[in-house]
Amino acid sequence: MKVLFKNDYNEVSKAAAEIFIKQIHDKPDSVLCLATGSTPLGLYSELIAANKQGTVDFSDVTTFNLDEYVGLDPKHEQSYKYFMEDNLFNHINIKKDHYNVPSGIESDYDAYCKKYEDKIESAGGIDLLLIGVGENGHIAFNEPDKSLSAVTHVVDLTEDTIQVNSRFFASADEVPKKAVTMGMGSILKAKKIVLIITGDKKAHVLERLMNDKSISTEFPVSFVLTHRDVTIIADAAACKNMHK
Ligand code: GLP
């Protein structure tokens with residue numbers, strides 16, 4: 001595991017962008033897995049700027065997203081599909097049929113989740129996967145629990161996550177109660193993983209991850225400790241407990 005300590009969010013975003021740009025230079029038809037949340041916004045701005053300057057080309061890149069709220073139409077401003085188009089896809093030269101965000105409006109999720117997994121496999125598997133982390137240690141929408149699902153599945157969001165994510169909605173009541181998410185196995189099968197942890201609200205997460213080397217389904221992000229090729233990029237605020 002590699003850990004890059006950076007001074008601030010801006011430096012974190014630049015360091016993450018370098019990794020993504022190198023990946024696409026090395027393999028122009030890379031399969032990427034992308035995340036939502038506020039954490040990757042700086043990285044996406046860097047990628048948009050690099051694409052506009054002609055230093056990275058997305059025309060052969062395929063992407064899959066980690067998760068989506070169940071019940072939100074893709075045109076809903078808080079849907080992750082909308083988020084990805086608004087913050088990245090509409091501003092880079094990726095082909096419209098090359099990006100995949102799980103659908104939040106399926107009637108048969110068993111069949112749909114299997115199809116999503118199969119599509120990732122047919123694309124050749126994920127070369128580079130980006131994750132952020134929730135304040136309760138969730139990754140994608142794999143919430144702390146007694147057991148975790150290996151594959152793409154529908155989950156009930158925890159009250160903690162609903163409260164934290166309510167900042168994007170008019171009220172907590174409007175936050176969907178369920179989500180569809182790639183599972184721990186689908187995430188860990190990626191060839192490389194970049195985990196970004198920023199801000200003092202995540203300091204306890206980074207501290208636990210770095211100091212307590214145990215793996216627990218009650219702390220889903222701990223599973224990255226089992227992966228061969230993980231780069232964690234953290235800012236000074238997230239590192240504030242590291243020297244205690
Ligand atoms: C959401 C997403 C996660 C994300 C997390 C943290 O719940 N499902 O993929 O990592 O929130 O979000 P933020 O980056 O805004 O702290």
# chains A, B, ... in the order shown; residues from 1 in each chain; ligands from 1

call {"tool": "closest_atom_pairs", "arguments": {"of": "chain A", "to": "ligand 1", "cutoff": "6 Å", "atoms": "only C-alpha atoms and all ligand atoms", "output": "JSON lines"}}
result
{"residue": "A:Ala35", "atom": "CA", "partner": "ligand 1", "partner_atom_place_in_ligand_line": "9 (O)", "distance": 5.3}
{"residue": "A:Thr36", "atom": "CA", "partner": "ligand 1", "partner_atom_place_in_ligand_line": "9 (O)", "distance": 5.3}
{"residue": "A:Gly37", "atom": "CA", "partner": "ligand 1", "partner_atom_place_in_ligand_line": "15 (O)", "distance": 3.6}
{"residue": "A:Ser38", "atom": "CA", "partner": "ligand 1", "partner_atom_place_in_ligand_line": "15 (O)", "distance": 3.7}
{"residue": "A:Thr39", "atom": "CA", "partner": "ligand 1", "partner_atom_place_in_ligand_line": "14 (O)", "distance": 3.7}
{"residue": "A:Ile131", "atom": "CA", "partner": "ligand 1", "partner_atom_place_in_ligand_line": "10 (O)", "distance": 5.8}
{"residue": "A:Gly132", "atom": "CA", "partner": "ligand 1", "partner_atom_place_in_ligand_line": "10 (O)", "distance": 3.5}
{"residue": "A:Val133", "atom": "CA", "partner": "ligand 1", "partner_atom_place_in_ligand_line": "10 (O)", "distance": 4.0}
{"residue": "A:Gly134", "atom": "CA", "partner": "ligand 1", "partner_atom_place_in_ligand_line": "6 (C)", "distance": 4.2}
{"residue": "A:Ile139", "atom": "CA", "partner": "ligand 1", "partner_atom_place_in_ligand_line": "10 (O)", "distance": 5.7}
{"residue": "A:Ala140", "atom": "CA", "partner": "ligand 1", "partner_atom_place_in_ligand_line": "9 (O)", "distance": 3.7}
{"residue": "A:Phe141", "atom": "CA", "partner": "ligand 1", "partner_atom_place_in_ligand_line": "8 (N)", "distance": 4.8}

call {"tool": "residues_around", "arguments": {"residues": "Met84 in chain A", "least_positions_apart": "6", "cutoff": "12 Å", "atoms": "only C-alpha atoms", "output": "ChimeraX atom specification"}}
result
/A:33-38,40-41,44-45,63-68,74-78,90-92,94,96,99-102

call {"tool": "write_last_selection", "arguments": {"atoms": "N, CA, C and O atoms", "output": "CSV table (one decimal), in the first residue's frame"}}
result
chain,number,residue,atom,x,y,z
A,33,CYS,N,-13.1,2.9,-12.9
A,33,CYS,CA,-14.3,2.9,-12.1
A,33,CYS,C,-14.3,4.2,-11.3
A,33,CYS,O,-13.3,4.6,-10.7
A,34,LEU,N,-15.4,5.0,-11.4
A,34,LEU,CA,-15.4,6.3,-10.8
A,34,LEU,C,-16.4,6.5,-9.7
A,34,LEU,O,-17.3,5.6,-9.5
A,35,ALA,N,-16.2,7.5,-8.9
A,35,ALA,CA,-17.0,7.7,-7.6
A,35,ALA,C,-17.6,9.1,-7.7
A,35,ALA,O,-17.2,10.0,-8.4
A,36,THR,N,-18.6,9.2,-6.8
A,36,THR,CA,-19.3,10.5,-6.6
A,36,THR,C,-18.9,11.1,-5.3
A,36,THR,O,-17.9,10.6,-4.7
A,37,GLY,N,-19.7,12.0,-4.8
A,37,GLY,CA,-19.4,12.6,-3.5
A,37,GLY,C,-18.6,13.9,-3.8
A,37,GLY,O,-18.2,14.2,-4.9
A,38,SER,N,-18.3,14.7,-2.7
A,38,SER,CA,-17.5,15.9,-2.9
A,38,SER,C,-16.0,15.6,-3.1
A,38,SER,O,-15.3,16.4,-3.8
A,40,PRO,N,-14.1,13.6,-5.1
A,40,PRO,CA,-13.4,13.6,-6.4
A,40,PRO,C,-13.6,14.8,-7.3
A,40,PRO,O,-13.1,14.9,-8.4
A,41,LEU,N,-14.3,15.8,-6.8
A,41,LEU,CA,-14.6,17.0,-7.6
A,41,LEU,C,-13.4,17.7,-8.1
A,41,LEU,O,-13.3,18.1,-9.3
A,44,TYR,N,-11.8,15.6,-10.9
A,44,TYR,CA,-12.6,15.7,-12.1
A,44,TYR,C,-12.3,17.1,-12.8
A,44,TYR,O,-12.1,17.1,-14.0
A,45,SER,N,-12.1,18.1,-12.0
A,45,SER,CA,-11.7,19.4,-12.7
A,45,SER,C,-10.4,19.3,-13.3
A,45,SER,O,-10.2,19.9,-14.4
A,63,THR,N,-15.9,3.8,-18.7
A,63,THR,CA,-16.0,3.9,-17.2
A,63,THR,C,-17.3,3.2,-16.6
A,63,THR,O,-18.3,3.1,-17.3
A,64,PHE,N,-17.1,2.8,-15.4
A,64,PHE,CA,-18.3,2.3,-14.6
A,64,PHE,C,-18.3,3.1,-13.3
A,64,PHE,O,-17.3,3.4,-12.8
A,65,ASN,N,-19.5,3.4,-12.9
A,65,ASN,CA,-19.6,4.1,-11.6
A,65,ASN,C,-19.9,3.1,-10.5
A,65,ASN,O,-20.5,2.0,-10.7
A,66,LEU,N,-19.5,3.5,-9.3
A,66,LEU,CA,-19.7,2.6,-8.1
A,66,LEU,C,-21.1,2.3,-7.7
A,66,LEU,O,-21.5,1.2,-7.3
A,67,ASP,N,-21.9,3.4,-7.8
A,67,ASP,CA,-23.2,3.3,-7.1
A,67,ASP,C,-24.2,4.3,-7.6
A,67,ASP,O,-23.9,5.2,-8.4
A,68,GLU,N,-25.5,4.2,-7.2
A,68,GLU,CA,-26.6,5.1,-7.5
A,68,GLU,C,-27.7,5.0,-6.5
A,68,GLU,O,-27.9,3.9,-5.9
A,74,PRO,N,-32.5,9.3,-13.6
A,74,PRO,CA,-31.2,9.8,-14.0
A,74,PRO,C,-31.2,11.3,-14.2
A,74,PRO,O,-30.1,11.9,-14.2
A,75,LYS,N,-32.4,11.9,-14.5
A,75,LYS,CA,-32.4,13.4,-14.7
A,75,LYS,C,-32.5,14.2,-13.4
A,75,LYS,O,-32.4,15.4,-13.4
A,76,HIS,N,-32.7,13.5,-12.3
A,76,HIS,CA,-32.8,14.1,-11.0
A,76,HIS,C,-31.4,14.7,-10.7
A,76,HIS,O,-30.4,14.0,-10.8
A,77,GLU,N,-31.4,16.0,-10.2
A,77,GLU,CA,-30.1,16.6,-10.0
A,77,GLU,C,-29.2,16.0,-8.9
A,77,GLU,O,-28.0,16.2,-8.9
A,78,GLN,N,-29.8,15.2,-8.0
A,78,GLN,CA,-29.0,14.5,-7.0
A,78,GLN,C,-28.7,13.0,-7.4
A,78,GLN,O,-28.1,12.3,-6.7
A,90,ASN,N,-19.9,15.4,-19.4
A,90,ASN,CA,-20.3,16.4,-20.4
A,90,ASN,C,-19.1,17.3,-20.8
A,90,ASN,O,-19.3,18.1,-21.7
A,91,HIS,N,-18.0,17.3,-20.1
A,91,HIS,CA,-16.9,18.2,-20.4
A,91,HIS,C,-15.7,17.5,-20.9
A,91,HIS,O,-14.6,18.2,-21.1
A,92,ILE,N,-15.7,16.2,-21.2
A,92,ILE,CA,-14.5,15.5,-21.7
A,92,ILE,C,-15.0,14.8,-23.0
A,92,ILE,O,-16.2,14.6,-23.2
A,94,ILE,N,-15.3,11.7,-23.7
A,94,ILE,CA,-15.7,10.3,-23.6
A,94,ILE,C,-16.9,10.1,-24.5
A,94,ILE,O,-17.7,11.0,-24.6
A,96,LYS,N,-20.5,8.7,-25.4
A,96,LYS,CA,-21.7,8.6,-24.5
A,96,LYS,C,-22.0,7.1,-24.2
A,96,LYS,O,-22.5,6.8,-23.1
A,99,TYR,N,-19.7,5.3,-21.0
A,99,TYR,CA,-19.8,5.5,-19.5
A,99,TYR,C,-21.1,4.8,-19.0
A,99,TYR,O,-22.1,4.8,-19.6
A,100,ASN,N,-20.9,4.2,-17.8
A,100,ASN,CA,-22.0,3.4,-17.2
A,100,ASN,C,-22.1,3.8,-15.8
A,100,ASN,O,-21.2,3.7,-15.0
A,101,VAL,N,-23.3,4.3,-15.4
A,101,VAL,CA,-23.7,4.5,-14.0
A,101,VAL,C,-24.8,3.6,-13.7
A,101,VAL,O,-25.8,3.5,-14.5
A,102,PRO,N,-24.8,2.9,-12.6
A,102,PRO,CA,-25.9,2.0,-12.3
A,102,PRO,C,-27.2,2.7,-12.3
A,102,PRO,O,-27.3,3.9,-12.0

call {"tool": "residues_around", "arguments": {"residues": "range 164-181 of chain A", "least_positions_apart": "2", "cutoff": "8 Å", "atoms": "only C-alpha atoms", "output": "ChimeraX atom specification"}}
result
/A:66-72,78,102-104,140-142,152-157,160-162,183

call {"tool": "closest_residue", "arguments": {"among": "A:Ser186, A:Asn51, A:Phe5, A:Leu43", "to": "Glu18 in chain A", "atoms": "only C-alpha atoms"}}
result
A:Leu43

call {"tool": "residues_around", "arguments": {"residues": "Lys6 in chain A", "least_positions_apart": "5", "cutoff": "12 Å", "atoms": "only C-alpha atoms", "output": "ChimeraX atom specification"}}
result
/A:11-16,196-199,232-239

call {"tool": "select_by_dssp", "arguments": {"residues": "range 95-132 of chain A", "states": "strand (DSSP E)", "output": "ChimeraX atom specification"}}
result
/A:99-100,128-131

call {"tool": "write_last_selection", "arguments": {"atoms": "all heavy atoms", "output": "PDB file, in the first residue's frame"}}
result
ATOM      1  N   TYR A  99     -19.734   5.321 -20.975  1.00  0.00           N
ATOM      2  CA  TYR A  99     -19.808   5.482 -19.518  1.00  0.00           C
ATOM      3  C   TYR A  99     -21.068   4.827 -18.968  1.00  0.00           C
ATOM      4  O   TYR A  99     -22.122   4.848 -19.590  1.00  0.00           O
ATOM      5  CB  TYR A  99     -19.654   6.937 -19.075  1.00  0.00           C
ATOM      6  CG  TYR A  99     -20.665   7.945 -19.545  1.00  0.00           C
ATOM      7  CD1 TYR A  99     -21.917   8.043 -18.945  1.00  0.00           C
ATOM      8  CD2 TYR A  99     -20.352   8.852 -20.548  1.00  0.00           C
ATOM      9  CE1 TYR A  99     -22.829   8.998 -19.354  1.00  0.00           C
ATOM     10  CE2 TYR A  99     -21.258   9.811 -20.963  1.00  0.00           C
ATOM     11  CZ  TYR A  99     -22.500   9.882 -20.359  1.00  0.00           C
ATOM     12  OH  TYR A  99     -23.406  10.830 -20.755  1.00  0.00           O
ATOM     13  N   ASN A 100     -20.889   4.204 -17.829  1.00  0.00           N
ATOM     14  CA  ASN A 100     -21.957   3.408 -17.215  1.00  0.00           C
ATOM     15  C   ASN A 100     -22.127   3.822 -15.763  1.00  0.00           C
ATOM     16  O   ASN A 100     -21.177   3.749 -14.987  1.00  0.00           O
ATOM     17  CB  ASN A 100     -21.573   1.923 -17.238  1.00  0.00           C
ATOM     18  CG  ASN A 100     -21.297   1.426 -18.648  1.00  0.00           C
ATOM     19  OD1 ASN A 100     -22.216   1.080 -19.369  1.00  0.00           O
ATOM     20  ND2 ASN A 100     -20.018   1.425 -19.051  1.00  0.00           N
ATOM     21  N   LEU A 128      -8.410   0.652 -13.174  1.00  0.00           N
ATOM     22  CA  LEU A 128      -8.122   1.611 -12.098  1.00  0.00           C
ATOM     23  C   LEU A 128      -9.438   2.079 -11.488  1.00  0.00           C
ATOM     24  O   LEU A 128     -10.328   2.541 -12.213  1.00  0.00           O
ATOM     25  CB  LEU A 128      -7.342   2.806 -12.668  1.00  0.00           C
ATOM     26  CG  LEU A 128      -7.012   3.948 -11.715  1.00  0.00           C
ATOM     27  CD1 LEU A 128      -6.169   3.495 -10.534  1.00  0.00           C
ATOM     28  CD2 LEU A 128      -6.275   5.070 -12.467  1.00  0.00           C
ATOM     29  N   LEU A 129      -9.546   1.937 -10.188  1.00  0.00           N
ATOM     30  CA  LEU A 129     -10.809   2.259  -9.492  1.00  0.00           C
ATOM     31  C   LEU A 129     -10.573   3.362  -8.471  1.00  0.00           C
ATOM     32  O   LEU A 129      -9.600   3.323  -7.722  1.00  0.00           O
ATOM     33  CB  LEU A 129     -11.330   0.983  -8.824  1.00  0.00           C
ATOM     34  CG  LEU A 129     -12.578   1.071  -7.949  1.00  0.00           C
ATOM     35  CD1 LEU A 129     -13.448  -0.183  -8.153  1.00  0.00           C
ATOM     36  CD2 LEU A 129     -12.231   1.208  -6.474  1.00  0.00           C
ATOM     37  N   LEU A 130     -11.467   4.320  -8.474  1.00  0.00           N
ATOM     38  CA  LEU A 130     -11.404   5.438  -7.529  1.00  0.00           C
ATOM     39  C   LEU A 130     -12.461   5.243  -6.443  1.00  0.00           C
ATOM     40  O   LEU A 130     -13.607   4.952  -6.758  1.00  0.00           O
ATOM     41  CB  LEU A 130     -11.721   6.732  -8.289  1.00  0.00           C
ATOM     42  CG  LEU A 130     -11.901   7.985  -7.438  1.00  0.00           C
ATOM     43  CD1 LEU A 130     -10.568   8.428  -6.851  1.00  0.00           C
ATOM     44  CD2 LEU A 130     -12.512   9.099  -8.278  1.00  0.00           C
ATOM     45  N   ILE A 131     -12.056   5.397  -5.191  1.00  0.00           N
ATOM     46  CA  ILE A 131     -13.058   5.436  -4.122  1.00  0.00           C
ATOM     47  C   ILE A 131     -12.775   6.582  -3.159  1.00  0.00           C
ATOM     48  O   ILE A 131     -11.622   6.954  -2.934  1.00  0.00           O
ATOM     49  CB  ILE A 131     -13.162   4.126  -3.266  1.00  0.00           C
ATOM     50  CG1 ILE A 131     -11.803   3.513  -2.976  1.00  0.00           C
ATOM     51  CG2 ILE A 131     -14.154   3.144  -3.835  1.00  0.00           C
ATOM     52  CD1 ILE A 131     -11.856   2.345  -2.011  1.00  0.00           C
TER      53      ILE A 131
END

call {"tool": "select_by_dssp", "arguments": {"residues": "range 76-143 of chain A", "states": "alpha helix (DSSP H)", "output": "ChimeraX atom specification"}}
result
/A:80-87,109-122

call {"tool": "residues_around", "arguments": {"residues": "Ser216 in chain A", "least_positions_apart": "5", "cutoff": "10 Å", "atoms": "only C-alpha atoms", "output": "PyMOL selection string"}}
result
chain A and resi 144-148+221-223

call {"tool": "write_last_selection", "arguments": {"atoms": "N, CA and C atoms", "output": "PDB file, in the first residue's frame"}}
result
ATOM      1  N   PRO A 144     -21.380  -0.299   6.856  1.00  0.00           N
ATOM      2  CA  PRO A 144     -20.953  -1.198   7.930  1.00  0.00           C
ATOM      3  C   PRO A 144     -22.069  -2.185   8.284  1.00  0.00           C
ATOM      4  N   ASP A 145     -21.726  -3.464   8.376  1.00  0.00           N
ATOM      5  CA  ASP A 145     -22.751  -4.481   8.627  1.00  0.00           C
ATOM      6  C   ASP A 145     -22.076  -5.761   9.122  1.00  0.00           C
ATOM      7  N   LYS A 146     -22.906  -6.740   9.500  1.00  0.00           N
ATOM      8  CA  LYS A 146     -22.351  -8.023   9.967  1.00  0.00           C
ATOM      9  C   LYS A 146     -21.743  -8.808   8.829  1.00  0.00           C
ATOM     10  N   SER A 147     -22.289  -8.625   7.635  1.00  0.00           N
ATOM     11  CA  SER A 147     -21.662  -9.233   6.454  1.00  0.00           C
ATOM     12  C   SER A 147     -21.792  -8.251   5.312  1.00  0.00           C
ATOM     13  N   LEU A 148     -20.951  -8.426   4.296  1.00  0.00           N
ATOM     14  CA  LEU A 148     -20.987  -7.528   3.143  1.00  0.00           C
ATOM     15  C   LEU A 148     -21.171  -8.367   1.891  1.00  0.00           C
ATOM     16  N   VAL A 221     -14.082   0.101   4.561  1.00  0.00           N
ATOM     17  CA  VAL A 221     -12.865   0.586   3.892  1.00  0.00           C
ATOM     18  C   VAL A 221     -11.639  -0.244   4.297  1.00  0.00           C
ATOM     19  N   SER A 222     -11.714  -0.941   5.428  1.00  0.00           N
ATOM     20  CA  SER A 222     -10.552  -1.738   5.876  1.00  0.00           C
ATOM     21  C   SER A 222     -10.187  -2.832   4.870  1.00  0.00           C
ATOM     22  N   PHE A 223     -11.157  -3.208   4.008  1.00  0.00           N
ATOM     23  CA  PHE A 223     -10.861  -4.271   3.033  1.00  0.00           C
ATOM     24  C   PHE A 223      -9.816  -3.848   1.997  1.00  0.00           C
TER      25      PHE A 223
END

call {"tool": "closest_residue", "arguments": {"among": "A:Asp8, A:Glu46, A:Asp73, A:Asp86", "to": "Asp200 in chain A", "atoms": "only C-alpha atoms"}}
result
A:Asp8

call {"tool": "closest_residue", "arguments": {"among": "A:Asp29, A:Glu117, A:Asp127, A:Asp108", "to": "Gly185 in chain A", "atoms": "only C-alpha atoms"}}
result
A:Glu117

call {"tool": "decode", "arguments": {"residues": "range 192-204 of chain A", "atoms": "N, CA, C and O atoms", "output": "compact mmCIF listing (two decimals), in the first residue's frame"}}
result
# COMPACT_ATOMS: atom_id res chain seq x y z
N LYS A 192 -6.05 -1.83 -9.94
CA LYS A 192 -5.45 -0.80 -9.07
C LYS A 192 -6.56 0.01 -8.42
O LYS A 192 -7.60 0.25 -9.05
N ILE A 193 -6.30 0.46 -7.20
CA ILE A 193 -7.29 1.27 -6.47
C ILE A 193 -6.63 2.57 -5.98
O ILE A 193 -5.51 2.54 -5.46
N VAL A 194 -7.33 3.67 -6.18
CA VAL A 194 -6.91 4.94 -5.57
C VAL A 194 -8.01 5.33 -4.58
O VAL A 194 -9.18 5.41 -4.94
N LEU A 195 -7.61 5.52 -3.34
CA LEU A 195 -8.55 5.92 -2.28
C LEU A 195 -8.18 7.33 -1.83
O LEU A 195 -7.05 7.57 -1.40
N ILE A 196 -9.12 8.25 -1.95
CA ILE A 196 -8.86 9.63 -1.52
C ILE A 196 -9.56 9.90 -0.20
O ILE A 196 -10.76 9.63 -0.06
N ILE A 197 -8.80 10.41 0.76
CA ILE A 197 -9.38 10.75 2.07
C ILE A 197 -8.98 12.18 2.41
O ILE A 197 -7.79 12.47 2.57
N THR A 198 -9.96 13.07 2.46
CA THR A 198 -9.63 14.48 2.75
C THR A 198 -10.58 15.05 3.80
O THR A 198 -11.71 14.59 3.96
N GLY A 199 -10.09 16.04 4.49
CA GLY A 199 -10.91 16.79 5.45
C GLY A 199 -10.86 16.21 6.85
O GLY A 199 -10.68 15.01 7.04
N ASP A 200 -11.03 17.10 7.85
CA ASP A 200 -10.88 16.63 9.23
C ASP A 200 -12.01 15.70 9.68
O ASP A 200 -11.85 14.93 10.61
N LYS A 201 -13.15 15.74 8.97
CA LYS A 201 -14.25 14.83 9.34
C LYS A 201 -13.90 13.37 9.04
O LYS A 201 -14.58 12.46 9.48
N LYS A 202 -12.85 13.16 8.23
CA LYS A 202 -12.44 11.79 7.88
C LYS A 202 -11.17 11.38 8.62
O LYS A 202 -10.61 10.31 8.39
N ALA A 203 -10.66 12.28 9.53
CA ALA A 203 -9.38 11.99 10.20
C ALA A 203 -9.45 10.68 11.00
O ALA A 203 -8.50 9.90 11.01
N HIS A 204 -10.60 10.43 11.64
CA HIS A 204 -10.72 9.19 12.43
C HIS A 204 -10.70 7.96 11.53
O HIS A 204 -10.25 6.89 11.93
